[in-house]
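Colleague: mmCIF, C-alpha atoms, saved as input_22.cif, coming up:
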data_target
#
loop_
_atom_site.label_atom_id
_atom_site.label_comp_id
_atom_site.auth_asym_id
_atom_site.auth_seq_id
_atom_site.Cartn_x
_atom_site.Cartn_y
_atom_site.Cartn_z
CA MET A 171 -18.52 -2.11 11.60
CA LEU A 172 -15.09 -1.89 9.99
CA SER A 173 -13.93 0.58 12.62
CA ILE A 174 -15.45 -1.54 15.41
CA ALA A 175 -13.53 -4.59 14.14
CA ALA A 176 -10.31 -2.55 14.11
CA PHE A 177 -10.96 -1.32 17.68
CA ARG A 178 -11.52 -4.94 18.77
CA GLU A 179 -8.01 -5.71 17.54
CA GLY A 180 -6.53 -2.89 19.61
CA ARG A 181 -6.09 -0.47 16.74
CA HIS A 182 -7.22 3.12 16.30
CA ALA A 183 -9.99 3.80 13.81
CA GLN A 184 -12.22 6.59 12.61
CA ALA A 185 -15.21 6.24 10.31
CA PHE A 186 -17.33 8.96 8.76
CA PRO A 187 -19.67 9.39 5.78
CA SER A 188 -19.61 12.21 3.27
CA PHE A 189 -22.97 13.41 1.98
CA GLY A 190 -23.47 16.06 -0.66
CA SER A 191 -26.63 17.93 -1.46
CA GLU A 192 -27.56 15.32 -4.04
CA ARG A 193 -30.95 13.79 -4.50
CA THR A 194 -32.13 10.75 -2.57
CA GLY A 195 -30.46 7.63 -3.91
CA ALA A 196 -27.33 9.44 -5.07
CA PRO A 197 -23.95 7.75 -4.42
CA VAL A 198 -22.56 8.21 -0.93
CA VAL A 199 -18.90 8.03 0.02
CA ALA A 200 -17.82 6.81 3.45
CA TYR A 201 -14.30 6.75 4.86
CA CYS A 202 -12.58 4.63 7.45
CA ARG A 203 -9.07 5.14 8.73
CA ILE A 204 -7.30 2.38 10.63
CA ASP A 205 -3.88 2.78 12.22
CA ASP A 206 -1.75 1.41 15.03
CA ARG A 207 -1.27 4.99 16.29
CA GLU A 208 -3.76 7.66 17.31
CA ILE A 209 -5.43 9.29 14.31
CA ARG A 210 -5.52 13.07 14.45
CA VAL A 211 -6.40 13.99 10.86
CA ARG A 212 -10.11 14.53 10.14
CA GLU A 213 -10.44 15.37 6.46
CA PRO A 214 -11.69 13.11 3.65
CA ILE A 215 -9.26 10.54 2.30
CA ALA A 216 -7.79 11.64 -1.04
CA ALA A 217 -5.56 8.60 -1.68
CA PRO A 218 -7.28 5.50 -0.26
CA ASP A 219 -5.36 2.30 0.39
CA ALA A 220 -8.55 0.31 -0.19
CA LEU A 221 -11.90 0.71 -1.91
CA ILE A 222 -15.06 -1.24 -1.17
CA ILE A 223 -17.61 -0.65 -3.91
CA GLN A 224 -21.12 -1.67 -2.88
CA ASP A 225 -22.84 -0.65 -6.11
CA PRO A 226 -21.12 -1.94 -9.27
CA THR A 227 -23.37 0.21 -11.48
CA LEU A 228 -21.17 3.16 -10.45
CA LEU A 229 -18.04 1.66 -12.00
CA HIS A 230 -18.44 3.34 -15.38
CA GLN A 231 -20.45 6.38 -14.21
CA VAL A 232 -18.20 7.81 -11.48
CA ASP A 233 -14.39 7.69 -11.23
CA VAL A 234 -14.46 5.44 -8.17
CA PHE A 235 -10.77 4.59 -8.58
CA SER A 236 -9.59 8.20 -8.42
CA GLY A 237 -6.67 8.55 -6.04
CA LEU A 238 -6.34 4.83 -5.35
CA ALA A 239 -2.96 4.28 -3.74
CA PRO A 240 -0.47 2.25 -5.79
CA GLN A 241 -1.11 -1.42 -5.15
CA GLY A 242 -4.28 -0.52 -3.24
CA PHE A 243 -7.00 -3.06 -2.50
CA VAL A 244 -10.27 -3.06 -4.48
CA LEU A 245 -13.33 -5.09 -3.49
CA ILE A 246 -16.47 -4.96 -5.64
CA ASN A 247 -19.92 -6.29 -4.72
CA THR A 248 -20.76 -8.45 -7.71
CA GLY A 249 -20.75 -12.03 -8.89
CA ARG A 250 -19.12 -10.96 -12.16
CA SER A 251 -15.39 -11.18 -12.84
CA ILE A 252 -13.10 -8.19 -13.20
CA GLU A 253 -12.90 -8.89 -16.93
CA GLU A 254 -16.70 -9.12 -17.26
CA LEU A 255 -16.92 -5.72 -15.56
CA GLY A 256 -14.58 -4.23 -18.19
CA LEU A 257 -11.90 -3.50 -15.60
CA ALA A 258 -9.03 -5.68 -16.81
CA ASP A 259 -6.87 -2.54 -17.16
CA LEU A 260 -7.25 -1.95 -13.41
CA ARG A 261 -4.92 -4.90 -12.83
CA ALA A 262 -2.10 -2.67 -14.13
CA ARG A 263 -2.67 -0.46 -11.05
CA THR A 264 -3.22 -3.27 -8.57
CA ASP A 265 -3.45 -7.03 -8.55
CA ARG A 266 -5.14 -6.86 -5.16
CA ILE A 267 -8.64 -6.75 -6.59
CA ALA A 268 -11.55 -9.09 -6.02
CA THR A 269 -15.27 -9.45 -6.50
CA VAL A 270 -17.74 -11.08 -4.14
CA PRO A 271 -21.52 -11.47 -4.55
CA ALA A 272 -22.19 -9.78 -1.20
CA THR A 273 -25.81 -8.88 -1.94
CA GLU A 274 -26.53 -12.49 -2.94
CA LEU A 275 -24.90 -13.73 0.27
CA ALA A 276 -26.96 -11.26 2.30
CA LEU A 277 -30.16 -12.44 0.63
CA LYS A 278 -29.19 -16.05 1.35
CA HIS A 279 -28.36 -15.51 5.03
CA VAL A 280 -30.16 -12.31 6.13
CA LYS A 281 -33.07 -12.49 3.66
CA ARG A 282 -32.53 -8.82 2.79
CA PRO A 283 -30.24 -7.07 0.24
CA VAL A 284 -27.85 -5.65 2.87
CA PRO A 285 -24.31 -6.47 1.69
CA ASN A 286 -22.30 -4.61 4.37
CA ALA A 287 -21.43 -7.56 6.59
CA ALA A 288 -20.53 -9.82 3.67
CA LEU A 289 -18.32 -7.08 2.24
CA LEU A 290 -16.61 -6.73 5.61
CA GLY A 291 -15.82 -10.46 5.68
CA ALA A 292 -14.51 -10.34 2.12
CA PHE A 293 -12.44 -7.25 2.95
CA ALA A 294 -10.82 -9.08 5.88
CA SER A 295 -9.97 -11.97 3.57
CA LEU A 296 -8.66 -9.80 0.73
CA THR A 297 -6.46 -7.55 2.85
CA GLY A 298 -5.47 -9.72 5.80
CA ARG A 299 -5.70 -6.54 7.89
CA LEU A 300 -8.50 -7.80 10.17
CA SER A 301 -9.17 -11.19 11.68
CA MET A 302 -12.45 -12.93 10.97
CA LYS A 303 -12.99 -13.15 14.73
CA ALA A 304 -12.86 -9.34 15.01
CA VAL A 305 -15.28 -9.04 12.09
CA VAL A 306 -17.77 -11.47 13.62
CA ASP A 307 -17.46 -9.82 17.04
CA ALA A 308 -18.09 -6.38 15.51
CA ILE A 309 -21.16 -7.66 13.66
CA LEU A 310 -22.57 -9.29 16.79
CA GLU A 311 -21.91 -6.12 18.79
CA LYS A 312 -23.78 -4.01 16.24
CA PHE A 313 -26.57 -6.55 15.59
CA PRO A 314 -27.27 -8.86 18.53
CA GLY A 315 -29.41 -11.95 18.21
CA GLU A 316 -30.53 -13.77 15.10
CA ILE A 317 -29.92 -10.86 12.72
CA GLY A 318 -26.33 -10.64 13.97
CA ARG A 319 -25.79 -14.36 13.54
CA ALA A 320 -27.23 -14.20 10.00
CA ASN A 321 -24.94 -11.28 9.09
CA ALA A 322 -21.97 -13.09 10.64
CA ALA A 323 -22.77 -16.13 8.49
CA ALA A 324 -22.83 -13.93 5.36
CA ALA A 325 -19.49 -12.38 6.35
CA SER A 326 -17.95 -15.79 7.02
CA GLU A 327 -19.08 -17.18 3.68
CA ALA A 328 -17.71 -14.13 1.87
CA PHE A 329 -14.40 -14.53 3.72
CA GLU A 330 -14.19 -18.19 2.70
CA ARG A 331 -15.11 -17.49 -0.93
CA LEU A 332 -12.17 -15.14 -1.28
CA VAL A 333 -9.80 -17.55 0.48
CA HIS A 334 -10.85 -20.31 -1.94
CA ALA A 335 -10.73 -17.99 -4.97
CA GLU A 336 -7.11 -17.11 -4.18
CA ALA A 337 -6.24 -20.80 -3.82
CA ASP A 338 -7.69 -21.65 -7.26
#
Show me this structure written as structure tokens.
Modeller:
Amino acid sequence: MLSIAAFREGRHAQAFPSFGSERTGAPVVAYCRIDDREIRVREPIAAPDALIIQDPTLLHQVDVFSGLAPQGFVLINTGRSIEELGLADLRARTDRIATVPATELALKHVKRPVPNAALLGAFASLTGRLSMKAVVDAILEKFPGEIGRANAAAASEAFERLVHAEAD
């Protein structure tokens, strides 16, 4: 949906997952490139400008911050603070870090623990790289009907939570 939102804003995007031979339930990495120019490179991203971490239990098990670009964006799916997560030292690498309870928002709006749309709304708010209109349009394109509207509501609430958190 991130790449769809970028396309809706007239940008180039490419999204692809990376699966290993791990067992079912093992962490999965997915990449998304967004640019104003055509994207020709196809390999995994070694130095990401942004990280969206869906599963906060990975924070101290896997080096999820490896290669993070200086002053990169970090968004973590949790209701806990950066300090509560034991990541206060991460602020030395970037102050563009936020948490959002995306799974809770999904349960509230979608009635299922599917945090993707809420994370997309929060990502748009944190980075300012996508408009909320593009995010909502991408969600409704991918999920028409009531499920799309519920996911759009979760994304919108996540967007607003980050806007208000920055104002506080």
Colleague: Give me the residues near A:Gly180 as a PyMOL selection string, where near means some atom within 10 Å (using only C-alpha atoms) and where sequence neighbours in that chain fewer than 6 positions away do not count.
Modeller: chain A and resi 174+205-206
Colleague: Ranking A:Asp219, A:Asp225, A:Glu274, A:Gly242 by minimum distance to A:Ala262 and counting only C-alpha atoms, which one comes first?
Modeller: A:Gly242
Colleague: For A:Ser236, find every residue with an atom within 10 Å (counting only C-alpha atoms), except residues of its own chain fewer than 2 positions away, and show them as a ChimeraX atom specification.
Modeller: /A:216-218,232-234,238-239
Colleague: Please provide the set of residues having any atom within 10 Å of A:Phe293, restricted to all atoms listed in the file, with same-chain residues fewer than 3 positions apart removed, written as a list in words.
Modeller: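 Here the answer would be Leu172, Ala220, Leu221, Ile222, Phe243, Val244, Leu245, Ile246, Ala268, Val270, Ala287, Ala288, Leu289, Leu290, Leu296, Thr297, Gly298, Arg299, Leu300, Met302, Val305, Ala325, Ala328, Phe329 and Leu332 of chain A.
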Colleague: Can you spit out the residues from that selection as an mmCIF file, in the frame of the given file, using C-alpha atoms?
Modeller:
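Final file, out-v5.cif:
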data_model
loop_
_atom_site.group_PDB
_atom_site.id
_atom_site.type_symbol
_atom_site.label_atom_id
_atom_site.label_comp_id
_atom_site.auth_asym_id
_atom_site.auth_seq_id
_atom_site.Cartn_x
_atom_site.Cartn_y
_atom_site.Cartn_z
ATOM 1 C CA LEU A 172 -15.090 -1.890 9.990
ATOM 2 C CA ALA A 220 -8.550 0.310 -0.190
ATOM 3 C CA LEU A 221 -11.900 0.710 -1.910
ATOM 4 C CA ILE A 222 -15.060 -1.240 -1.170
ATOM 5 C CA PHE A 243 -7.000 -3.060 -2.500
ATOM 6 C CA VAL A 244 -10.270 -3.060 -4.480
ATOM 7 C CA LEU A 245 -13.330 -5.090 -3.490
ATOM 8 C CA ILE A 246 -16.470 -4.960 -5.640
ATOM 9 C CA ALA A 268 -11.550 -9.090 -6.020
ATOM 10 C CA VAL A 270 -17.740 -11.080 -4.140
ATOM 11 C CA ALA A 287 -21.430 -7.560 6.590
ATOM 12 C CA ALA A 288 -20.530 -9.820 3.670
ATOM 13 C CA LEU A 289 -18.320 -7.080 2.240
ATOM 14 C CA LEU A 290 -16.610 -6.730 5.610
ATOM 15 C CA LEU A 296 -8.660 -9.800 0.730
ATOM 16 C CA THR A 297 -6.460 -7.550 2.850
ATOM 17 C CA GLY A 298 -5.470 -9.720 5.800
ATOM 18 C CA ARG A 299 -5.700 -6.540 7.890
ATOM 19 C CA LEU A 300 -8.500 -7.800 10.170
ATOM 20 C CA MET A 302 -12.450 -12.930 10.970
ATOM 21 C CA VAL A 305 -15.280 -9.040 12.090
ATOM 22 C CA ALA A 325 -19.490 -12.380 6.350
ATOM 23 C CA ALA A 328 -17.710 -14.130 1.870
ATOM 24 C CA PHE A 329 -14.400 -14.530 3.720
ATOM 25 C CA LEU A 332 -12.170 -15.140 -1.280
#
Colleague: Which distance in Å separates atom CA of A:Arg178 and atom CA of A:Ala308, to one decimal?
Modeller: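 Taking atom CA of A:Arg178 as the start and atom CA of A:Ala308 as the end point, the length is 7.5 Å.
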Colleague: Restricting the calculation to only C-alpha atoms, which member of A:Glu327, A:Glu316, A:Glu208, A:Glu213 is positioned closest to A:Pro271?
Modeller: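 Smallest distance to A:Pro271 is found for A:Glu327.
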Colleague: In Å, rounded to a single decimal, give me how far atom CA of A:Asn247 is from atom CA of A:Ala183.
Modeller: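 Straight-line distance from atom CA of A:Ala183 to atom CA of A:Asn247 works out to 23.3 Å.
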Colleague: Output the residue selection produced by the PyMOL selection byres ((chain A and resi 283) around 12) on the file above, formatted as a compact mmCIF listing (two decimals) with C-alpha atoms, in the coordinates of the input.
Modeller:
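For reference, out.txt as written:
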# COMPACT_ATOMS: atom_id res chain seq x y z
CA GLN A 224 -21.12 -1.67 -2.88
CA ASP A 225 -22.84 -0.65 -6.11
CA ASN A 247 -19.92 -6.29 -4.72
CA PRO A 271 -21.52 -11.47 -4.55
CA ALA A 272 -22.19 -9.78 -1.20
CA THR A 273 -25.81 -8.88 -1.94
CA GLU A 274 -26.53 -12.49 -2.94
CA LEU A 275 -24.90 -13.73 0.27
CA ALA A 276 -26.96 -11.26 2.30
CA LEU A 277 -30.16 -12.44 0.63
CA LYS A 278 -29.19 -16.05 1.35
CA HIS A 279 -28.36 -15.51 5.03
CA VAL A 280 -30.16 -12.31 6.13
CA LYS A 281 -33.07 -12.49 3.66
CA ARG A 282 -32.53 -8.82 2.79
CA VAL A 284 -27.85 -5.65 2.87
CA PRO A 285 -24.31 -6.47 1.69
CA ASN A 286 -22.30 -4.61 4.37
CA ALA A 287 -21.43 -7.56 6.59
CA ALA A 288 -20.53 -9.82 3.67
CA ASN A 321 -24.94 -11.28 9.09
CA ALA A 324 -22.83 -13.93 5.36
Colleague: I'd like the contact shell of A:Glu330 - 8 Å cut-off, only C-alpha atoms, skipping same-chain residues fewer than 3 positions apart - returned as a list in words.
Modeller: Ala292, Ser295, Ser326, Glu327, Val333 and His334 of chain A
Colleague: For the file shown, what are the residues hit by the PyMOL selection byres ((chain A and resi 253-258) around 10), laid out as a ChimeraX atom specification?
Modeller: /A:226-227,229-230,246,248-252,259-262,269
Colleague: Go ahead and save the picked residues with C-alpha atoms, as an mmCIF file, keeping the file's coordinate frame.
Modeller:
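Final file, part-v1.cif:
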data_model
loop_
_atom_site.group_PDB
_atom_site.id
_atom_site.type_symbol
_atom_site.label_atom_id
_atom_site.label_comp_id
_atom_site.auth_asym_id
_atom_site.auth_seq_id
_atom_site.Cartn_x
_atom_site.Cartn_y
_atom_site.Cartn_z
ATOM 1 C CA PRO A 226 -21.120 -1.940 -9.270
ATOM 2 C CA THR A 227 -23.370 0.210 -11.480
ATOM 3 C CA LEU A 229 -18.040 1.660 -12.000
ATOM 4 C CA HIS A 230 -18.440 3.340 -15.380
ATOM 5 C CA ILE A 246 -16.470 -4.960 -5.640
ATOM 6 C CA THR A 248 -20.760 -8.450 -7.710
ATOM 7 C CA GLY A 249 -20.750 -12.030 -8.890
ATOM 8 C CA ARG A 250 -19.120 -10.960 -12.160
ATOM 9 C CA SER A 251 -15.390 -11.180 -12.840
ATOM 10 C CA ILE A 252 -13.100 -8.190 -13.200
ATOM 11 C CA ASP A 259 -6.870 -2.540 -17.160
ATOM 12 C CA LEU A 260 -7.250 -1.950 -13.410
ATOM 13 C CA ARG A 261 -4.920 -4.900 -12.830
ATOM 14 C CA ALA A 262 -2.100 -2.670 -14.130
ATOM 15 C CA THR A 269 -15.270 -9.450 -6.500
#
Colleague: Hey, can I get the axis-aligned box for stretch 296-307 of chain A? All listed atoms, 4 Å padding on each side, centre and edge lengths in Å to one decimal, as lines of an AutoDock Vina configuration file.
Modeller:
center_x = -11.6
center_y = -9.8
center_z = 8.9
size_x = 20.3
size_y = 14.6
size_z = 24.3
